[in-house]
Amino acid sequence: QEKAQVEEARYKLSDKASLAAFLQDADIRLIRAPYLFHLRRHNIPLPRRQEAEGEVCEKDSVQMSALVTHSEVRKWAAGSKDAIICSVSHAWETREHPDPCCFQLGHLVDTISLYEAAYYSEIWVFYDYTSLYQFERETDAQRESFARAMGNMHVMYAHDCSLTLRIEGLTPPHIWNAMLKDESRKVPVYHMPSGSLQALPLKELMHNRTPYLQRGWCLAEVQWSAVRGTTAQNQCIYGFYDESSSGQVPLTPEAFAEQMRTSAFTHRNDAETVVELQKKVFFERVTCCKEVFFENLLEEDLEKLVESLEHYKDLRSFKLKNWEGTPELVASLVQVLGASTCLEELCIMHGDNYRGGEENQGTGNCLAKALGEVLRHNCTLKKITLGFNGIETEGCKALLAGLRRNKIITEINIRYEIDADPEVLVKVEKIVAANQAGVVQNAFKRFWNVFFKASAETENDGPKKASAFPSEPRIKVLAEYLRHTNNQVIMLDQPVVSLHPIEDLGDAGAQALAAMLRENRSVETVDLDYKGIGELGCQALLEALRQNSRVWEMELRRNPEISDEVQKEIQELVEANKEALRRQKEA
């Protein structure tokens, strides 16, 4: 009977109370960020849940349990406590321990330290090895907890009030091999022959070097995470760009089932369970989804999206930014969207530095022509935003012809299609203005506010949807960067914190950044020019740099309250880091 109750449990994926209920029902414990910082600082592998229950950590000289209590989770659900919940998707690199070299732990700390700097909120992390009871589960309560958790594991990755952080790469061979040779470094794991916890060298553990994207459970977590309405809640924090898919688009159940046939499972009979769960989550989320925002999609992602879109029966707003695709593929996308009887807003954009490759030549015009055809018969679209897609005069004329047959569109912005004749662009806007005079004024400004601002409300006057992001950021521009950046940009491509949009960061903001730099090992350059930082903030940065060997450039000009003496000491530290990194690269 108890097992049946576990299987029949239903948790809504859109409200805090339901997520909190699942965490409590399954006795899942989230991990505090300061505890992860402590482990990383001392190069200690993550413990099992059984051992973590007795661990403590400190923040601001206050001692607390390493794991978040159920009482705190209930307060979060009631709105009296602020936290960001991050669910980590990762590979188990040995049978006994998922991260024996602490490589995953390092990338996790680099990421959550940025979130802690950006927001006033606490950061709570779900990492299965430490959040769930592990083998050997010795009591009925531990076994029941694990069964309840596994029966609804999708909740941790598909819920609107959580983020997914994907670690798609395995520990690099040079780190792995170095630990294999170093028998003095040991990993505390459950030792089955002795029935006790023992510290063992890596060579005595059972290795599993199967790539992340070939593992069944990892692929399931990717798919559960992809059904959320925005890709900002599904981020790859470590991986490689040579894969064919970014993991941002939900597969149809049929496509996912086909993928599972060749995926690796420790227990092959798990495949059927995973397929059924993905099917349930897909239809629960997609069929009632009203808004989506996809970004950084590769061509294969776009193909999958075209296949999945027919299941979005109630979609009102579609936004796509930074994508790759052939002219034929983008035409198919527009045709599928145009067939919708609910869609009211359409936004398709590239970044302002996009120039496209030879294989994508003509894509912009094809997009405009397909949209022009759609506008001849579509009766629901009201707002269109196109930007930096490479639409030329030919494409704009096709769009113009479609608009002349359409009386529904009341707002359009294509001023950032810079390859088109400005006179044609003006004609497009005049036609829309005729549909509703005065609507097309400052269109791009309004779009910018809706598209990029964390505080923007939807166009409906109804209650604001539950979100994984708290309402009050500590450092607004960093918070926005984290909300709209995914696929390793922070960790691999741009290890830079630049805060130009903030006029007055102040000592409090500088102290928050300093706390981040004490833990983070990926950020290399920090630009704090003219940010209203005083001696207190600068002193915090100085103390952080004494513990940070990665930052090799810090700009602090035009902060007149900072003494020359402290600035000089900071520059000496970053120069020393720069020299050390130069020598490391030469070696």
# chains A, B, ... in the order shown; residues from 1 in each chain; ligands from 1
$ residues_around --residues "A:Glu328" --least-positions-apart "2" --cutoff "12 Å" --atoms "only C-alpha atoms" --output "count of residues only"
24
$ residues_around --residues "A:Ala220" --least-positions-apart "2" --cutoff "12 Å" --atoms "only C-alpha atoms" --output "PyMOL selection string"
chain A and resi 89-90+153-158+166+212-218+222-227+247+250-251+253+256-257+259-260+263-265+270-279+281-282
$ write_last_selection --atoms "N, CA and C atoms" --output "compact mmCIF listing (two decimals), in the first residue's frame"
# COMPACT_ATOMS: atom_id res chain seq x y z
N SER A 89 22.62 18.21 -12.42
CA SER A 89 22.59 17.02 -13.26
C SER A 89 24.03 16.67 -13.61
N HIS A 90 24.45 15.45 -13.34
CA HIS A 90 25.87 15.09 -13.48
C HIS A 90 26.01 13.59 -13.68
N MET A 153 11.39 11.88 -9.29
CA MET A 153 12.63 12.65 -9.43
C MET A 153 12.51 13.79 -10.43
N HIS A 154 11.59 13.68 -11.37
CA HIS A 154 11.43 14.74 -12.37
C HIS A 154 11.07 16.08 -11.74
N VAL A 155 10.46 16.06 -10.55
CA VAL A 155 10.04 17.30 -9.90
C VAL A 155 11.24 18.22 -9.67
N MET A 156 12.39 17.65 -9.31
CA MET A 156 13.57 18.47 -9.01
C MET A 156 14.09 19.19 -10.25
N TYR A 157 13.83 18.64 -11.44
CA TYR A 157 14.41 19.19 -12.66
C TYR A 157 13.41 19.90 -13.55
N ALA A 158 12.14 19.72 -13.33
CA ALA A 158 11.12 20.32 -14.21
C ALA A 158 10.33 21.43 -13.53
N ARG A 166 23.77 21.78 -15.35
CA ARG A 166 24.25 20.54 -15.95
C ARG A 166 25.79 20.53 -16.02
N TYR A 212 28.51 11.75 -20.46
CA TYR A 212 27.24 12.23 -19.89
C TYR A 212 26.08 12.03 -20.86
N LEU A 213 26.27 12.42 -22.13
CA LEU A 213 25.17 12.39 -23.09
C LEU A 213 24.89 11.00 -23.65
N GLN A 214 25.53 9.99 -23.08
CA GLN A 214 25.20 8.60 -23.44
C GLN A 214 24.55 7.86 -22.27
N ARG A 215 24.30 8.58 -21.18
CA ARG A 215 23.72 7.96 -19.98
C ARG A 215 22.23 8.24 -19.92
N GLY A 216 21.46 7.19 -19.68
CA GLY A 216 20.00 7.31 -19.70
C GLY A 216 19.46 8.31 -18.69
N TRP A 217 19.89 8.20 -17.43
CA TRP A 217 19.35 9.10 -16.40
C TRP A 217 19.76 10.54 -16.66
N CYS A 218 20.98 10.77 -17.13
CA CYS A 218 21.42 12.13 -17.45
C CYS A 218 20.56 12.74 -18.57
N VAL A 222 18.10 16.06 -18.55
CA VAL A 222 18.15 17.11 -19.57
C VAL A 222 16.75 17.39 -20.10
N GLN A 223 16.00 16.33 -20.38
CA GLN A 223 14.67 16.49 -20.95
C GLN A 223 13.67 17.05 -19.94
N TRP A 224 13.71 16.60 -18.71
CA TRP A 224 12.83 17.17 -17.70
C TRP A 224 13.09 18.66 -17.54
N SER A 225 14.35 19.04 -17.61
CA SER A 225 14.72 20.45 -17.46
C SER A 225 14.29 21.29 -18.66
N ALA A 226 14.24 20.66 -19.84
CA ALA A 226 13.94 21.39 -21.07
C ALA A 226 12.47 21.77 -21.20
N VAL A 227 11.58 21.16 -20.40
CA VAL A 227 10.16 21.47 -20.55
C VAL A 227 9.76 22.76 -19.85
N GLY A 247 20.74 20.70 -25.55
CA GLY A 247 19.91 20.20 -24.46
C GLY A 247 18.85 21.17 -23.99
N PRO A 250 12.75 20.40 -25.59
CA PRO A 250 12.14 19.12 -25.21
C PRO A 250 11.88 18.23 -26.42
N LEU A 251 12.25 16.96 -26.30
CA LEU A 251 11.95 15.99 -27.36
C LEU A 251 10.53 15.49 -27.21
N PRO A 253 7.86 12.51 -26.88
CA PRO A 253 8.03 11.21 -26.22
C PRO A 253 8.54 10.13 -27.16
N PHE A 256 12.28 10.69 -27.67
CA PHE A 256 13.01 10.36 -26.44
C PHE A 256 13.10 8.85 -26.25
N ALA A 257 12.01 8.14 -26.51
CA ALA A 257 12.01 6.68 -26.37
C ALA A 257 13.04 6.06 -27.31
N GLN A 259 15.77 7.54 -28.35
CA GLN A 259 17.08 7.88 -27.79
C GLN A 259 17.46 6.92 -26.66
N MET A 260 16.49 6.52 -25.86
CA MET A 260 16.75 5.66 -24.72
C MET A 260 17.18 4.25 -25.12
N SER A 263 20.92 4.28 -24.99
CA SER A 263 21.56 4.94 -23.85
C SER A 263 21.97 3.92 -22.79
N ALA A 264 22.97 4.30 -22.00
CA ALA A 264 23.51 3.39 -21.00
C ALA A 264 22.77 3.55 -19.67
N PHE A 265 22.40 2.40 -19.07
CA PHE A 265 21.80 2.36 -17.74
C PHE A 265 22.55 1.34 -16.90
N ASP A 270 15.57 0.30 -15.81
CA ASP A 270 15.24 1.70 -15.51
C ASP A 270 14.75 2.45 -16.75
N ALA A 271 15.12 1.96 -17.94
CA ALA A 271 14.79 2.68 -19.18
C ALA A 271 13.29 2.87 -19.33
N GLU A 272 12.51 1.83 -19.05
CA GLU A 272 11.05 1.93 -19.20
C GLU A 272 10.48 2.97 -18.24
N THR A 273 10.99 2.98 -17.01
CA THR A 273 10.53 3.97 -16.01
C THR A 273 10.82 5.39 -16.48
N VAL A 274 12.02 5.59 -16.99
CA VAL A 274 12.45 6.92 -17.45
C VAL A 274 11.60 7.39 -18.62
N VAL A 275 11.34 6.49 -19.57
CA VAL A 275 10.53 6.85 -20.74
C VAL A 275 9.12 7.27 -20.33
N GLU A 276 8.52 6.51 -19.41
CA GLU A 276 7.16 6.84 -18.96
C GLU A 276 7.13 8.17 -18.20
N LEU A 277 8.15 8.42 -17.39
CA LEU A 277 8.21 9.69 -16.66
C LEU A 277 8.35 10.88 -17.62
N GLN A 278 9.22 10.71 -18.62
CA GLN A 278 9.40 11.81 -19.58
C GLN A 278 8.12 12.10 -20.34
N LYS A 279 7.39 11.04 -20.69
CA LYS A 279 6.13 11.22 -21.41
C LYS A 279 5.13 11.99 -20.55
N VAL A 281 5.77 14.04 -17.99
CA VAL A 281 6.21 15.42 -17.77
C VAL A 281 6.01 16.25 -19.04
N PHE A 282 6.34 15.67 -20.20
CA PHE A 282 6.20 16.40 -21.46
C PHE A 282 4.78 16.89 -21.67
$ select_by_dssp --residues "stretch 196-275 of chain A" --states "strand (DSSP E)" --output "compact mmCIF listing (two decimals) with all heavy atoms, in the first residue's frame"
# COMPACT_ATOMS: atom_id res chain seq x y z
N SER A 196 31.29 -0.85 6.04
CA SER A 196 31.56 0.40 6.75
C SER A 196 32.09 1.46 5.79
O SER A 196 32.42 1.16 4.64
CB SER A 196 32.60 0.16 7.86
OG SER A 196 33.84 -0.25 7.28
N LEU A 197 32.19 2.69 6.27
CA LEU A 197 32.75 3.78 5.48
C LEU A 197 34.27 3.70 5.56
O LEU A 197 34.84 3.64 6.65
CB LEU A 197 32.26 5.12 6.02
CG LEU A 197 32.48 6.33 5.10
CD1 LEU A 197 31.51 6.29 3.93
CD2 LEU A 197 32.31 7.63 5.89
N GLN A 198 34.93 3.71 4.39
CA GLN A 198 36.38 3.65 4.36
C GLN A 198 36.92 4.63 3.34
O GLN A 198 36.27 4.93 2.33
CB GLN A 198 36.87 2.23 4.01
CG GLN A 198 36.60 1.20 5.09
CD GLN A 198 37.39 -0.08 4.85
OE1 GLN A 198 38.30 -0.13 4.03
NE2 GLN A 198 37.03 -1.12 5.59
N ALA A 199 38.13 5.15 3.60
CA ALA A 199 38.80 6.05 2.65
C ALA A 199 39.67 5.20 1.72
O ALA A 199 40.61 4.54 2.17
CB ALA A 199 39.65 7.07 3.40
N LEU A 200 39.33 5.22 0.42
CA LEU A 200 40.02 4.37 -0.55
C LEU A 200 40.63 5.23 -1.65
O LEU A 200 40.08 6.28 -2.03
CB LEU A 200 39.05 3.38 -1.17
CG LEU A 200 38.33 2.42 -0.21
CD1 LEU A 200 37.33 1.56 -0.99
CD2 LEU A 200 39.33 1.55 0.54
N PRO A 201 41.77 4.80 -2.22
CA PRO A 201 42.33 5.50 -3.38
C PRO A 201 41.46 5.27 -4.61
O PRO A 201 40.72 4.28 -4.69
CB PRO A 201 43.71 4.87 -3.54
CG PRO A 201 43.60 3.52 -2.91
CD PRO A 201 42.61 3.67 -1.79
N ASN A 234 17.87 26.26 -17.33
CA ASN A 234 18.47 24.98 -17.69
C ASN A 234 19.84 25.27 -18.29
O ASN A 234 19.98 25.43 -19.49
CB ASN A 234 17.55 24.26 -18.68
CG ASN A 234 18.12 22.94 -19.15
OD1 ASN A 234 18.99 22.35 -18.50
ND2 ASN A 234 17.64 22.46 -20.30
N GLN A 235 20.87 25.33 -17.45
CA GLN A 235 22.17 25.81 -17.88
C GLN A 235 23.24 24.75 -17.81
O GLN A 235 23.34 24.02 -16.82
CB GLN A 235 22.59 27.01 -17.02
CG GLN A 235 21.60 28.16 -17.09
CD GLN A 235 22.15 29.43 -16.47
OE1 GLN A 235 23.35 29.54 -16.23
NE2 GLN A 235 21.29 30.38 -16.21
N CYS A 236 24.04 24.68 -18.87
CA CYS A 236 25.21 23.82 -18.87
C CYS A 236 26.38 24.61 -18.30
O CYS A 236 26.80 25.60 -18.88
CB CYS A 236 25.54 23.34 -20.29
SG CYS A 236 27.04 22.36 -20.38
N ILE A 237 26.90 24.20 -17.14
CA ILE A 237 27.98 24.96 -16.52
C ILE A 237 29.35 24.34 -16.81
O ILE A 237 30.37 24.93 -16.50
CB ILE A 237 27.77 25.09 -15.00
CG1 ILE A 237 27.79 23.74 -14.29
CG2 ILE A 237 26.47 25.83 -14.72
CD1 ILE A 237 27.78 23.83 -12.78
N TYR A 238 29.36 23.15 -17.38
CA TYR A 238 30.62 22.58 -17.86
C TYR A 238 30.30 21.54 -18.92
O TYR A 238 29.46 20.67 -18.74
CB TYR A 238 31.44 21.93 -16.75
CG TYR A 238 32.72 21.31 -17.27
CD1 TYR A 238 33.78 22.11 -17.67
CD2 TYR A 238 32.84 19.93 -17.41
CE1 TYR A 238 34.94 21.55 -18.19
CE2 TYR A 238 33.99 19.36 -17.92
CZ TYR A 238 35.05 20.18 -18.30
OH TYR A 238 36.18 19.62 -18.83
$ atom_distance --atom1 "atom CA of A:Lys16" --atom2 "atom CA of A:Glu122"
15.7 Å
$ atom_distance --atom1 "atom CA of A:Gly537" --atom2 "atom CA of A:Gly509"
7.7 Å
$ select_by_dssp --residues "stretch 71-204 of chain A" --states "helix (DSSP H, G or I)" --output "PyMOL selection string"
chain A and resi 71-78+103-118+128-131+140-151+154-158+173-181+202-204
$ closest_residue --among "A:Leu163, A:Glu307, A:Gly239, A:Leu343" --to "A:Ala255" --atoms "only C-alpha atoms"
A:Glu307
$ closest_residue --among "A:Pro473, A:Val68, A:His191, A:Phe22" --to "A:Arg10" --atoms "only C-alpha atoms"
A:Phe22
$ atom_distance --atom1 "atom CA of A:Arg143" --atom2 "atom CA of A:Asp128"
14.5 Å
$ closest_residue --among "A:Glu93, A:Asp507, A:Asp529, A:Glu535" --to "A:Met554" --atoms "only C-alpha atoms"
A:Asp529
$ residues_around --residues "A:Asp182" --least-positions-apart "3" --cutoff "10 Å" --atoms "only C-alpha atoms" --output "ChimeraX atom specification"
/A:177-179,185-186,201-203
$ write_last_selection --atoms "N, CA and C atoms" --output "PDB file, in the first residue's frame"
ATOM      1  N   ASN A 177      44.066  10.878 -14.143  1.00  0.00           N
ATOM      2  CA  ASN A 177      45.261  10.030 -14.100  1.00  0.00           C
ATOM      3  C   ASN A 177      46.208  10.429 -12.972  1.00  0.00           C
ATOM      4  N   ALA A 178      46.279  11.732 -12.693  1.00  0.00           N
ATOM      5  CA  ALA A 178      47.131  12.187 -11.591  1.00  0.00           C
ATOM      6  C   ALA A 178      46.642  11.631 -10.260  1.00  0.00           C
ATOM      7  N   MET A 179      45.309  11.588 -10.072  1.00  0.00           N
ATOM      8  CA  MET A 179      44.773  11.047  -8.817  1.00  0.00           C
ATOM      9  C   MET A 179      44.928   9.527  -8.768  1.00  0.00           C
ATOM     10  N   ARG A 185      45.863  10.463  -1.845  1.00  0.00           N
ATOM     11  CA  ARG A 185      44.540  11.085  -1.932  1.00  0.00           C
ATOM     12  C   ARG A 185      43.483   9.983  -1.926  1.00  0.00           C
ATOM     13  N   LYS A 186      42.619  10.042  -0.934  1.00  0.00           N
ATOM     14  CA  LYS A 186      41.620   8.986  -0.782  1.00  0.00           C
ATOM     15  C   LYS A 186      40.220   9.563  -0.706  1.00  0.00           C
ATOM     16  N   PRO A 201      41.769   4.796  -2.220  1.00  0.00           N
ATOM     17  CA  PRO A 201      42.328   5.504  -3.383  1.00  0.00           C
ATOM     18  C   PRO A 201      41.462   5.265  -4.611  1.00  0.00           C
ATOM     19  N   LEU A 202      41.578   6.153  -5.589  1.00  0.00           N
ATOM     20  CA  LEU A 202      40.740   6.096  -6.783  1.00  0.00           C
ATOM     21  C   LEU A 202      40.889   4.768  -7.519  1.00  0.00           C
ATOM     22  N   LYS A 203      42.080   4.203  -7.525  1.00  0.00           N
ATOM     23  CA  LYS A 203      42.300   2.972  -8.305  1.00  0.00           C
ATOM     24  C   LYS A 203      41.501   1.783  -7.764  1.00  0.00           C
TER      25      LYS A 203
END
$ residues_around --residues "A:Ser113" --least-positions-apart "3" --cutoff "8 Å" --atoms "only C-alpha atoms" --output "number ranges by chain"
A: 33, 109-110, 116-117, 515-517, 519-520
$ write_last_selection --atoms "all heavy atoms" --output "JSON list (two decimals), in the first residue's frame"
[["chain", "number", "residue", "atom", "x", "y", "z"],
["A", 33, "ALA", "N", 25.12, 26.48, 0.32],
["A", 33, "ALA", "CA", 26.30, 26.92, -0.44],
["A", 33, "ALA", "C", 27.55, 27.04, 0.43],
["A", 33, "ALA", "O", 28.63, 26.60, 0.01],
["A", 33, "ALA", "CB", 25.99, 28.25, -1.13],
["A", 109, "VAL", "N", 30.82, 25.14, -7.45],
["A", 109, "VAL", "CA", 31.12, 26.28, -6.58],
["A", 109, "VAL", "C", 31.36, 27.54, -7.40],
["A", 109, "VAL", "O", 30.90, 28.63, -7.04],
["A", 109, "VAL", "CB", 32.34, 25.96, -5.69],
["A", 109, "VAL", "CG1", 32.89, 27.23, -5.04],
["A", 109, "VAL", "CG2", 31.94, 24.96, -4.60],
["A", 110, "ASP", "N", 32.06, 27.42, -8.54],
["A", 110, "ASP", "CA", 32.28, 28.59, -9.40],
["A", 110, "ASP", "C", 30.96, 29.23, -9.81],
["A", 110, "ASP", "O", 30.83, 30.45, -9.89],
["A", 110, "ASP", "CB", 33.06, 28.18, -10.66],
["A", 110, "ASP", "CG", 34.55, 28.03, -10.38],
["A", 110, "ASP", "OD1", 35.00, 28.47, -9.32],
["A", 110, "ASP", "OD2", 35.24, 27.45, -11.24],
["A", 116, "GLU", "N", 25.28, 33.69, -5.52],
["A", 116, "GLU", "CA", 25.26, 34.24, -4.17],
["A", 116, "GLU", "C", 25.67, 35.71, -4.16],
["A", 116, "GLU", "O", 25.15, 36.50, -3.37],
["A", 116, "GLU", "CB", 26.17, 33.43, -3.24],
["A", 116, "GLU", "CG", 26.00, 33.84, -1.79],
["A", 116, "GLU", "CD", 26.62, 32.86, -0.83],
["A", 116, "GLU", "OE1", 27.86, 32.88, -0.72],
["A", 116, "GLU", "OE2", 25.89, 32.10, -0.18],
["A", 117, "ALA", "N", 26.58, 36.10, -5.04],
["A", 117, "ALA", "CA", 26.97, 37.50, -5.13],
["A", 117, "ALA", "C", 25.86, 38.35, -5.73],
["A", 117, "ALA", "O", 25.64, 39.49, -5.34],
["A", 117, "ALA", "CB", 28.24, 37.64, -5.98],
["A", 515, "ALA", "N", 33.07, 38.33, -1.64],
["A", 515, "ALA", "CA", 32.70, 37.01, -1.12],
["A", 515, "ALA", "C", 32.71, 35.98, -2.26],
["A", 515, "ALA", "O", 33.12, 34.83, -2.07],
["A", 515, "ALA", "CB", 31.32, 37.07, -0.47],
["A", 516, "MET", "N", 32.22, 36.38, -3.43],
["A", 516, "MET", "CA", 32.24, 35.49, -4.59],
["A", 516, "MET", "C", 33.67, 35.14, -5.00],
["A", 516, "MET", "O", 34.00, 33.98, -5.26],
["A", 516, "MET", "CB", 31.50, 36.15, -5.76],
["A", 516, "MET", "CG", 31.50, 35.37, -7.05],
["A", 516, "MET", "SD", 32.90, 35.73, -8.14],
["A", 516, "MET", "CE", 32.47, 37.38, -8.68],
["A", 517, "LEU", "N", 34.57, 36.13, -5.02],
["A", 517, "LEU", "CA", 35.94, 35.90, -5.48],
["A", 517, "LEU", "C", 36.73, 35.01, -4.52],
["A", 517, "LEU", "O", 37.72, 34.39, -4.91],
["A", 517, "LEU", "CB", 36.66, 37.23, -5.68],
["A", 517, "LEU", "CG", 36.14, 38.10, -6.84],
["A", 517, "LEU", "CD1", 36.82, 39.46, -6.84],
["A", 517, "LEU", "CD2", 36.36, 37.39, -8.17],
["A", 519, "GLU", "N", 35.61, 32.28, -3.38],
["A", 519, "GLU", "CA", 35.27, 30.90, -3.71],
["A", 519, "GLU", "C", 35.46, 30.58, -5.19],
["A", 519, "GLU", "O", 35.80, 29.47, -5.55],
["A", 519, "GLU", "CB", 33.81, 30.62, -3.33],
["A", 519, "GLU", "CG", 33.41, 31.06, -1.93],
["A", 519, "GLU", "CD", 34.20, 30.36, -0.84],
["A", 519, "GLU", "OE1", 34.80, 29.31, -1.11],
["A", 519, "GLU", "OE2", 34.23, 30.90, 0.29],
["A", 520, "ASN", "N", 35.22, 31.57, -6.05],
["A", 520, "ASN", "CA", 35.21, 31.35, -7.49],
["A", 520, "ASN", "C", 36.63, 31.20, -8.04],
["A", 520, "ASN", "O", 37.53, 31.93, -7.65],
["A", 520, "ASN", "CB", 34.50, 32.53, -8.17],
["A", 520, "ASN", "CG", 34.29, 32.30, -9.65],
["A", 520, "ASN", "OD1", 35.22, 32.40, -10.43],
["A", 520, "ASN", "ND2", 33.06, 31.99, -10.03]]
$ closest_residue --among "A:Leu513, A:Val566, A:Ile409, A:Leu581" --to "A:Arg550" --atoms "only C-alpha atoms"
A:Leu581
$ residues_around --residues "stretch 424-436 of chain A" --least-positions-apart "4" --cutoff "8 Å" --atoms "only C-alpha atoms" --output "number ranges by chain"
A: 393, 396-397, 399-400, 403-404, 407-415, 420, 440
